[in-house]
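**Q** Structure file start-v5.cif (mmCIF, C-alpha atoms) is given on the next line.
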data_final
#
loop_
_atom_site.label_atom_id
_atom_site.label_comp_id
_atom_site.auth_asym_id
_atom_site.auth_seq_id
_atom_site.Cartn_x
_atom_site.Cartn_y
_atom_site.Cartn_z
CA MET K 1 -3.61 -1.31 7.84
CA LYS K 2 -6.91 -2.74 6.74
CA PRO K 3 -8.12 -2.95 3.17
CA GLY K 4 -10.95 -0.52 2.60
CA HIS K 5 -10.20 1.37 5.82
CA GLY K 6 -6.51 2.18 6.00
CA GLU K 7 -4.95 2.78 9.37
CA ILE K 8 -6.83 1.54 12.43
CA LEU K 9 -5.61 1.76 16.02
CA LEU K 10 -5.70 -1.77 17.42
CA ALA K 11 -4.30 -1.25 20.88
CA GLU K 12 -2.16 1.15 22.81
CA GLY K 13 -0.50 1.06 26.16
CA ASP K 14 2.68 1.39 28.14
CA PRO K 15 4.77 -1.81 27.96
CA ALA K 16 6.17 -0.94 31.37
CA VAL K 17 2.73 -1.41 32.93
CA ARG K 18 2.06 -5.11 33.27
CA GLU K 19 -1.67 -5.09 32.49
CA GLU K 20 -1.17 -2.87 29.49
CA GLU K 21 1.67 -4.98 28.18
CA GLU K 22 -0.47 -8.11 28.48
CA ARG K 23 -3.09 -6.41 26.35
CA LEU K 24 -0.43 -5.44 23.80
CA VAL K 25 0.97 -8.97 23.70
CA GLU K 26 -2.50 -10.44 23.25
CA GLU K 27 -3.30 -8.12 20.35
CA PHE K 28 0.11 -8.73 18.80
CA ARG K 29 -0.47 -12.49 18.82
CA ARG K 30 -3.99 -12.10 17.52
CA GLN K 31 -2.75 -10.13 14.53
CA LEU K 32 0.04 -12.56 13.70
CA ASP K 33 -2.32 -15.51 14.10
CA ALA K 34 -4.62 -13.81 11.61
CA GLY K 35 -1.75 -13.90 9.13
CA MET K 36 -0.67 -10.28 9.34
CA TRP K 37 2.92 -9.14 9.05
CA ALA K 38 4.29 -6.75 11.65
CA ALA K 39 6.94 -4.10 11.15
CA VAL K 40 8.54 -1.24 13.01
CA PRO K 41 9.91 1.69 11.02
CA THR K 42 13.46 2.42 12.15
CA THR K 43 16.58 4.30 11.19
CA ALA K 44 19.54 2.07 10.42
CA PRO K 45 22.47 2.85 12.70
CA GLY K 46 25.48 4.08 10.77
CA THR K 47 23.86 4.77 7.42
CA GLY K 48 20.88 6.70 8.76
CA ARG K 49 18.76 4.95 6.13
CA ARG K 50 15.07 4.66 6.97
CA GLU K 51 13.90 1.08 6.82
CA ALA K 52 11.50 -1.34 8.42
CA GLN K 53 12.31 -4.08 10.87
CA MET K 54 10.02 -7.06 10.45
CA ILE K 55 8.81 -8.35 13.81
CA ARG K 56 8.03 -12.04 14.27
CA ASP K 57 7.90 -12.12 18.05
CA TYR K 58 6.72 -9.58 20.61
CA GLY K 59 10.16 -9.73 22.23
CA ASP K 60 11.75 -8.54 18.98
CA ILE K 61 10.11 -5.13 19.21
CA PRO K 62 12.82 -2.53 19.83
CA GLN K 63 12.62 -0.93 23.26
CA ASP K 64 12.22 2.56 21.84
CA ALA K 65 9.59 1.62 19.24
CA GLU K 66 6.56 3.86 19.47
CA ARG K 67 4.38 1.74 17.23
CA VAL K 68 4.10 -1.54 15.44
CA ILE K 69 2.39 -1.53 12.07
CA PHE K 70 0.45 -4.61 10.98
CA PHE K 71 -0.33 -5.18 7.33
CA PRO K 72 -1.72 -8.11 5.35
CA ARG K 73 0.96 -10.58 4.33
CA ALA K 74 2.04 -10.34 0.74
CA SER K 75 0.83 -12.79 -1.85
CA GLY K 76 1.43 -13.07 -5.56
CA GLY K 77 -0.74 -10.60 -7.40
CA MET Q 1 -57.44 0.90 -28.31
CA LEU Q 2 -54.64 -1.68 -28.24
CA LEU Q 3 -52.11 1.03 -28.94
CA ALA Q 4 -53.43 3.10 -26.04
CA LEU Q 5 -53.16 0.13 -23.68
CA LEU Q 6 -49.62 -0.51 -24.85
CA ALA Q 7 -48.70 3.14 -24.25
CA LEU Q 8 -50.30 3.03 -20.80
CA ALA Q 9 -48.34 -0.12 -19.91
CA THR Q 10 -45.10 1.50 -21.08
CA VAL Q 11 -45.73 4.61 -18.99
CA ALA Q 12 -46.57 2.46 -15.94
CA ALA Q 13 -43.35 0.47 -16.40
CA ILE Q 14 -41.28 3.65 -16.63
CA LEU Q 15 -42.91 5.07 -13.51
CA ALA Q 16 -42.35 1.84 -11.60
CA LEU Q 17 -38.67 1.53 -12.61
CA PRO Q 18 -37.15 3.68 -9.80
CA THR Q 19 -39.17 1.77 -7.19
CA ALA Q 20 -38.05 -1.56 -8.64
CA LEU Q 21 -34.42 -0.44 -8.59
CA ARG Q 22 -34.73 0.71 -4.95
CA LEU Q 23 -36.25 -2.62 -3.97
CA ALA Q 24 -33.50 -4.52 -5.76
CA ARG Q 25 -30.81 -2.49 -4.01
CA ALA Q 26 -32.45 -2.98 -0.61
CA GLU Q 27 -32.60 -6.72 -1.27
CA ARG Q 28 -28.90 -6.76 -2.21
CA GLU Q 29 -28.04 -4.93 1.04
CA ARG Q 30 -30.17 -7.36 3.08
CA ALA Q 31 -28.46 -10.31 1.41
CA THR Q 32 -25.03 -8.81 2.17
CA ALA Q 33 -26.01 -8.22 5.80
CA ARG Q 34 -27.33 -11.81 6.11
CA ARG Q 35 -24.09 -13.16 4.65
CA ALA Q 36 -22.04 -10.96 6.97
CA ALA Q 37 -24.04 -12.09 10.00
CA ARG Q 38 -23.51 -15.74 8.97
CA LEU Q 39 -19.74 -15.20 8.78
CA GLY Q 40 -19.61 -12.95 11.83
CA VAL Q 41 -17.99 -9.97 10.14
CA GLU Q 42 -18.85 -6.31 10.09
CA VAL Q 43 -20.28 -4.60 7.04
CA ASP Q 44 -21.07 -0.93 6.60
CA SER Q 45 -24.77 -0.83 5.80
CA ILE Q 46 -24.63 2.72 4.56
CA ALA Q 47 -22.07 3.56 1.91
CA ASP Q 48 -19.81 6.40 2.94
CA PRO Q 49 -18.38 8.10 -0.13
CA GLY Q 50 -15.78 10.00 1.92
CA ARG Q 51 -14.36 6.92 3.63
CA GLU Q 52 -11.86 6.04 0.94
CA ARG Q 53 -10.68 9.63 0.68
CA ARG Q 54 -10.19 9.88 4.44
CA ALA Q 55 -8.43 6.50 4.50
CA GLU Q 56 -6.06 7.69 1.78
CA GLN Q 57 -5.32 10.91 3.68
CA ARG Q 58 -4.46 8.90 6.79
CA ALA Q 59 -2.38 6.53 4.69
CA ARG Q 60 -0.37 9.42 3.22
CA GLU Q 61 0.37 10.74 6.71
CA LEU Q 62 1.42 7.30 7.88
CA LEU Q 63 3.69 6.82 4.87
CA ARG Q 64 5.23 10.24 5.39
CA SER Q 65 5.99 9.40 9.02
CA CYS Q 66 7.80 6.19 8.07
CA VAL Q 67 9.95 6.97 5.02
CA ASN Q 68 12.71 9.55 4.81
CA GLU Q 69 12.29 13.04 3.44
CA GLU Q 70 13.71 12.15 0.02
CA GLU Q 71 11.41 9.17 -0.42
CA TRP Q 72 8.39 11.17 0.67
CA GLY Q 73 9.24 13.94 -1.79
CA MET Q 74 9.67 11.34 -4.53
CA TYR Q 75 6.24 9.88 -3.87
CA ARG Q 76 4.58 13.27 -3.57
CA ASP Q 77 6.13 14.62 -6.78
CA LEU Q 78 6.51 11.53 -8.97
CA GLY Q 79 3.94 9.06 -7.62
CA PHE Q 80 6.39 6.25 -6.81
CA ILE Q 81 9.31 5.49 -4.49
CA ARG Q 82 12.71 4.11 -5.46
CA VAL Q 83 13.99 1.63 -2.90
CA ARG Q 84 17.60 0.49 -3.00
CA GLY Q 85 17.75 -3.24 -2.43
CA ARG Q 86 20.28 -5.51 -0.78
CA ARG Q 87 19.93 -8.27 -3.36
CA THR Q 88 22.67 -8.22 -5.96
CA GLY Q 89 23.04 -9.62 -9.44
CA PRO Q 90 25.74 -12.11 -10.49
CA ASP Q 91 28.22 -9.27 -10.96
CA GLY Q 92 27.62 -7.98 -7.45
CA ARG Q 93 25.68 -4.88 -8.41
CA ALA Q 94 22.73 -4.10 -6.15
CA TYR Q 95 19.17 -4.02 -7.43
CA ALA Q 96 16.85 -1.10 -6.98
CA TYR Q 97 13.06 -1.18 -7.08
CA LEU Q 98 10.36 1.18 -8.18
CA VAL Q 99 7.37 0.95 -5.88
CA TYR Q 100 4.04 2.08 -7.35
CA PRO Q 101 0.62 1.98 -5.68
CA HIS Q 102 -1.36 -1.07 -6.78
CA LYS Q 103 1.13 -2.01 -9.48
CA PRO Q 104 3.94 -4.54 -9.58
CA VAL Q 105 7.28 -3.69 -7.99
CA VAL Q 106 9.81 -3.17 -10.80
CA ALA Q 107 13.38 -4.34 -10.25
CA TYR Q 108 16.18 -2.70 -12.22
CA LEU Q 109 19.92 -2.06 -12.20
CA PRO Q 110 20.32 1.63 -11.37
CA GLU Q 111 23.74 2.23 -12.95
CA GLU Q 112 22.69 1.25 -16.44
CA ARG Q 113 18.93 1.63 -15.91
CA ARG Q 114 18.39 -1.91 -17.13
CA LEU Q 115 14.92 -3.24 -16.32
CA LEU Q 116 15.08 -6.72 -14.81
CA SER Q 117 11.66 -7.96 -13.80
CA GLU Q 118 8.35 -7.09 -12.28
CA TYR Q 119 7.16 -8.59 -9.02
CA CYS Q 120 3.38 -8.79 -8.82
CA VAL Q 121 2.39 -8.58 -5.20
CA ASP Q 122 -0.83 -7.96 -3.37
CA PHE Q 123 -1.84 -7.44 0.26
CA PRO Q 124 -5.27 -9.07 0.38
CA ASP Q 125 -7.87 -8.69 3.09
CA LEU Q 126 -7.35 -11.58 5.53
CA THR Q 127 -10.34 -10.87 7.72
CA GLY Q 128 -12.98 -12.39 5.48
CA ALA Q 129 -14.64 -9.04 4.90
CA ILE Q 130 -17.52 -8.93 2.46
CA SER Q 131 -15.86 -6.80 -0.12
CA ASP Q 132 -13.16 -6.77 -2.72
CA SER Q 133 -11.68 -3.68 -1.07
CA ARG Q 134 -7.96 -3.11 -1.09
CA LEU Q 135 -5.49 -1.02 0.85
CA PRO Q 136 -5.50 2.71 0.19
CA ALA Q 137 -2.88 3.59 -2.44
CA SER Q 138 -0.37 5.04 0.03
CA ASP Q 139 -0.80 2.09 2.42
CA ASP Q 140 -0.06 -0.26 -0.48
CA VAL Q 141 3.17 1.66 -1.15
CA LEU Q 142 4.07 1.63 2.55
CA ALA Q 143 3.40 -2.12 2.83
CA LYS Q 144 5.73 -2.74 -0.12
CA TRP Q 145 8.33 -0.34 1.29
CA MET Q 146 8.26 -2.08 4.70
CA ALA Q 147 8.40 -5.54 3.20
CA LEU Q 148 11.23 -4.57 0.83
CA THR Q 149 13.39 -2.78 3.36
CA GLY Q 150 12.55 -5.22 6.18
CA ASP Q 151 12.76 -8.57 4.40
CA GLU Q 152 13.43 -8.19 0.70
CA GLU Q 153 13.86 -11.90 0.08
CA ARG Q 154 10.57 -12.84 1.70
CA LEU Q 155 8.66 -10.26 -0.32
CA LEU Q 156 10.24 -11.38 -3.58
CA ARG Q 157 9.52 -15.02 -2.73
CA SER Q 158 5.88 -14.16 -2.05
CA ALA Q 159 5.47 -12.32 -5.35
CA ASN Q 160 4.86 -13.62 -8.84
CA MET Q 161 7.84 -12.68 -10.96
CA HIS Q 162 7.48 -11.79 -14.63
CA LEU Q 163 9.53 -10.09 -17.27
CA VAL Q 164 8.91 -6.37 -17.41
CA GLY Q 165 6.03 -5.59 -19.73
CA ARG Q 166 3.42 -8.02 -18.48
CA GLN Q 167 1.54 -5.45 -16.40
CA VAL Q 168 3.72 -2.38 -16.55
CA ASP Q 169 4.63 -0.59 -19.76
CA PRO Q 170 8.47 -0.60 -20.09
CA GLY Q 171 8.27 2.74 -21.90
CA ARG Q 172 6.56 4.25 -18.91
CA ILE Q 173 9.18 2.82 -16.54
CA ARG Q 174 11.97 4.32 -18.64
CA ARG Q 175 10.19 7.66 -18.61
CA ASP Q 176 9.82 7.39 -14.83
CA LEU Q 177 13.53 6.65 -14.44
CA TRP Q 178 14.28 9.73 -16.54
CA ARG Q 179 11.85 11.78 -14.41
CA LEU Q 180 13.52 10.44 -11.27
CA ASP Q 181 16.92 11.43 -12.61
CA GLN Q 182 15.69 14.96 -13.38
CA TRP Q 183 14.01 15.18 -10.00
CA GLU Q 184 17.20 14.17 -8.17
CA ARG Q 185 19.28 16.67 -10.14
CA GLU Q 186 16.85 19.44 -9.33
CA ARG Q 187 16.79 18.45 -5.68
CA ALA Q 188 20.59 18.37 -5.50
CA ARG Q 189 20.79 21.73 -7.25
CA ARG Q 190 18.36 23.27 -4.79
CA SER Q 191 20.24 21.92 -1.81
CA GLY Q 192 23.49 23.27 -3.27
CA ASP Q 193 25.19 19.93 -3.83
CA GLU Q 194 25.49 20.41 -7.55
CA PRO Q 195 25.96 23.66 -9.45
CA ASP Q 196 23.26 24.37 -12.01
CA ALA Q 197 24.01 24.66 -15.70
CA ALA Q 198 24.53 28.45 -15.65
CA GLU Q 199 27.01 28.24 -12.79
CA ARG Q 200 28.86 25.44 -14.49
CA GLN Q 201 29.43 27.53 -17.62
CA LEU Q 202 30.92 30.37 -15.60
CA THR Q 203 33.45 28.29 -13.70
#
Can you dump the structure from the file as structure tokens?
**A**
Amino acid sequence: MKPGHGEILLAEGDPAVREEEERLVEEFRRQLDAGMWAAVPTTAPGTGRREAQMIRDYGDIPQDAERVIFFPRASGG
Amino acid sequence: MLLALLALATVAAILALPTALRLARAERERATARRAARLGVEVDSIADPGRERRAEQRARELLRSCVNEEEWGMYRDLGFIRVRGRRTGPDGRAYAYLVYPHKPVVAYLPEERRLLSEYCVDFPDLTGAISDSRLPASDDVLAKWMALTGDEERLLRSANMHLVGRQVDPGRIRRDLWRLDQWERERARRSGDEPDAAERQLT
């Protein structure tokens, strides 16, 4: 998510393909270094509640995640 | 003679006004482009009036794909989302939050509808863009929803906390809680969970 633009596709690829995963990792780091927060929308096991899982490391991304959403980190308004 | 000259000068000034305004706008755009080039960021040289509308449409689709059906319906019909929190008060009762686009998050106790506080939070542009643009309304709601459901404590720590009433009218919040209550009753009635008033009288 980018102010003034909304949703922008940053990168896409198959994590199982090494070159594509490297590109995904690089973009992931670039976004976090820029101060963005990353999250994956999930469904909580048991309750079925929809929620987000905040991702701080590329390795934390759930295996079945189809997308990671980056958004500017929150600050006091 | 003097009067005629004065009238002529006034007419000339009026005729030259649109040109002067165009030149001023062009100069502003050139200055913005120079500043953008200096900082190495991208700026749209031509304003696109449909961009914000398209961004909001995309944002609504993204929000819809992330939240559950109930939350989406709430946002579509009422303009806000109620998020149940994990944080609890001293008596162990869990907080809930009302998430509005571009307004503070309002914390309250759902059982007694007691308003607790408002958390002023923003998601500013971190890229150094030459604008004071902000997230589309539905992206702002989604960002708050993700931060609240993903790491409630971090979001609340990042926010500025105030008593309710600083930015949001408490009367409006109470009306929204009443609307939410009505909306949930209607939704339950339609799904058959709760008999409507007529059925109740007959049984």
**Q** Considering only C-alpha atoms, can you say which of Q:Gly85, Q:Gly73, Q:Pro136, Q:Pro90 comes closest to Arg53 (chain Q)?
**A** Q:Pro136
**Q** What gap, in Å, lies between CA of Gly79 (chain Q) and CA of Met36 (chain K)?
**A**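 Interatomic distance, CA of Gly79 (chain Q) to CA of Met36 (chain K): 26.1 Å.
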**Q** Which of these, Q:Pro124, Q:Gly92, Q:Pro101, Q:Pro110, has the shortest distance to chain K once you count only C-alpha atoms?
**A**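 Nearest candidate to chain K out of Q:Pro124, Q:Gly92, Q:Pro101, Q:Pro110: Q:Pro124.
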**Q** Measuring atom to atom with only C-alpha atoms, identify which of Q:Gly89, Q:Pro49, Q:Gly150, Q:Pro104 is nearest to Ala38 (chain K).
**A** Q:Gly150
**Q** Can you pull out the residues contacting region 65-68 of chain K? Cut-off 7 Å, using only C-alpha atoms, and skip same-chain residues under 4 positions away; I want them as a PyMOL selection string.
**A** chain K and resi 38-40+61
**Q** Apply the PyMOL selection byres ((chain K) within 6 of (chain Q)) to the structure shown and report the selected residues as a compact mmCIF listing (two decimals) with C-alpha atoms, keeping the file's coordinate frame.
**A**
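Generated file (out.txt):
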# COMPACT_ATOMS: atom_id res chain seq x y z
CA PRO K 3 -8.12 -2.95 3.17
CA GLY K 4 -10.95 -0.52 2.60
CA HIS K 5 -10.20 1.37 5.82
CA GLY K 6 -6.51 2.18 6.00
CA PRO K 41 9.91 1.69 11.02
CA ARG K 50 15.07 4.66 6.97
CA GLU K 51 13.90 1.08 6.82
CA ALA K 52 11.50 -1.34 8.42
CA GLN K 53 12.31 -4.08 10.87
CA MET K 54 10.02 -7.06 10.45
CA PRO K 72 -1.72 -8.11 5.35
CA ARG K 73 0.96 -10.58 4.33
CA ALA K 74 2.04 -10.34 0.74
CA SER K 75 0.83 -12.79 -1.85
CA GLY K 76 1.43 -13.07 -5.56
CA GLY K 77 -0.74 -10.60 -7.40
**Q** Could you work out how far CA of Leu163 (chain Q) lies from CA of Arg87 (chain Q), giving the answer in Å with one decimal?
**A**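 One can read the CA of Arg87 (chain Q) to CA of Leu163 (chain Q) distance as 17.5 Å.
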**Q** Give as a ChimeraX atom specification the residues that the PyMOL selection byres ((chain K and resi 21-33) around 10) matches when applied to the coordinates above.
**A** /K:10-20,34-38,55-59,68,70-73
**Q** How far is it from CA of Ala94 (chain Q) to CA of Val164 (chain Q), in Å with one decimal?
**A**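 Between CA of Ala94 (chain Q) and CA of Val164 (chain Q) the gap works out to 18.0 Å.
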**Q** Give me the residues within 7 Å of Leu109 (chain Q) as a ChimeraX atom specification, counting all atoms listed in the file and dropping any in the same chain fewer than 6 places off.
**A** /Q:94-96,115
**Q** Determine the nearest neighbour of Ala107 (chain Q) from the options Q:Val141, Q:Ala188, Q:Leu78, Q:Leu177, counting all atoms listed in the file.
**A**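 Ranked by minimum distance to Ala107 (chain Q), first place goes to Q:Leu177.
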**Q** So that all listed atoms of region 18-28 of chain K fit with 3 Å spare on each side, what axis-aligned box centre and edge lengths in Å, to one decimal, would you give as lines of an AutoDock Vina configuration file?
**A**
center_x = -0.6
center_y = -6.7
center_z = 26.0
size_x = 11.4
size_y = 13.6
size_z = 20.5
**Q** Just save region 13-63 of chain K with C-alpha atoms, as a PDB file, in the first residue's frame.
**A**
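Below is the file selection-v1.pdb, written as the result:
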ATOM      1  CA  GLY K  13       7.318 -15.289  -7.966  1.00  0.00           C
ATOM      2  CA  ASP K  14       7.364 -18.896  -6.906  1.00  0.00           C
ATOM      3  CA  PRO K  15       9.324 -19.367  -3.648  1.00  0.00           C
ATOM      4  CA  ALA K  16      10.146 -22.881  -4.788  1.00  0.00           C
ATOM      5  CA  VAL K  17      12.206 -21.496  -7.676  1.00  0.00           C
ATOM      6  CA  ARG K  18      15.524 -20.303  -6.318  1.00  0.00           C
ATOM      7  CA  GLU K  19      15.992 -17.242  -8.529  1.00  0.00           C
ATOM      8  CA  GLU K  20      12.451 -16.097  -7.932  1.00  0.00           C
ATOM      9  CA  GLU K  21      12.748 -16.587  -4.197  1.00  0.00           C
ATOM     10  CA  GLU K  22      15.940 -14.526  -4.141  1.00  0.00           C
ATOM     11  CA  ARG K  23      14.052 -11.723  -5.832  1.00  0.00           C
ATOM     12  CA  LEU K  24      11.236 -12.031  -3.285  1.00  0.00           C
ATOM     13  CA  VAL K  25      13.677 -12.001  -0.371  1.00  0.00           C
ATOM     14  CA  GLU K  26      15.450  -8.953  -1.774  1.00  0.00           C
ATOM     15  CA  GLU K  27      12.201  -7.025  -2.167  1.00  0.00           C
ATOM     16  CA  PHE K  28      11.018  -8.123   1.269  1.00  0.00           C
ATOM     17  CA  ARG K  29      14.186  -6.766   2.876  1.00  0.00           C
ATOM     18  CA  ARG K  30      14.020  -3.575   0.857  1.00  0.00           C
ATOM     19  CA  GLN K  31      10.515  -2.884   2.104  1.00  0.00           C
ATOM     20  CA  LEU K  32      11.338  -3.583   5.737  1.00  0.00           C
ATOM     21  CA  ASP K  33      14.496  -1.484   5.497  1.00  0.00           C
ATOM     22  CA  ALA K  34      12.326   1.348   4.192  1.00  0.00           C
ATOM     23  CA  GLY K  35      10.348   1.118   7.427  1.00  0.00           C
ATOM     24  CA  MET K  36       7.303  -0.699   6.125  1.00  0.00           C
ATOM     25  CA  TRP K  37       5.353  -3.239   8.141  1.00  0.00           C
ATOM     26  CA  ALA K  38       4.522  -6.573   6.543  1.00  0.00           C
ATOM     27  CA  ALA K  39       1.476  -8.724   7.195  1.00  0.00           C
ATOM     28  CA  VAL K  40      -0.195 -11.829   5.869  1.00  0.00           C
ATOM     29  CA  PRO K  41      -3.969 -12.155   6.205  1.00  0.00           C
ATOM     30  CA  THR K  42      -4.796 -15.532   7.722  1.00  0.00           C
ATOM     31  CA  THR K  43      -7.583 -17.482   9.333  1.00  0.00           C
ATOM     32  CA  ALA K  44      -6.932 -18.393  12.945  1.00  0.00           C
ATOM     33  CA  PRO K  45      -7.031 -22.158  13.454  1.00  0.00           C
ATOM     34  CA  GLY K  46      -9.795 -23.193  15.809  1.00  0.00           C
ATOM     35  CA  THR K  47     -11.782 -19.971  15.935  1.00  0.00           C
ATOM     36  CA  GLY K  48     -11.877 -19.366  12.193  1.00  0.00           C
ATOM     37  CA  ARG K  49     -11.390 -15.671  12.936  1.00  0.00           C
ATOM     38  CA  ARG K  50      -9.809 -13.658  10.129  1.00  0.00           C
ATOM     39  CA  GLU K  51      -6.731 -11.825  11.320  1.00  0.00           C
ATOM     40  CA  ALA K  52      -3.333 -10.670  10.180  1.00  0.00           C
ATOM     41  CA  GLN K  53       0.005 -12.188  11.033  1.00  0.00           C
ATOM     42  CA  MET K  54       2.721  -9.569  11.254  1.00  0.00           C
ATOM     43  CA  ILE K  55       5.881 -10.715   9.494  1.00  0.00           C
ATOM     44  CA  ARG K  56       9.284  -9.545  10.704  1.00  0.00           C
ATOM     45  CA  ASP K  57      11.441 -12.024   8.834  1.00  0.00           C
ATOM     46  CA  TYR K  58      11.083 -13.634   5.424  1.00  0.00           C
ATOM     47  CA  GLY K  59      11.249 -17.044   7.099  1.00  0.00           C
ATOM     48  CA  ASP K  60       8.133 -16.209   9.129  1.00  0.00           C
ATOM     49  CA  ILE K  61       5.928 -16.136   6.048  1.00  0.00           C
ATOM     50  CA  PRO K  62       3.517 -19.083   6.230  1.00  0.00           C
ATOM     51  CA  GLN K  63       4.149 -21.717   3.573  1.00  0.00           C
TER      52      GLN K  63
END
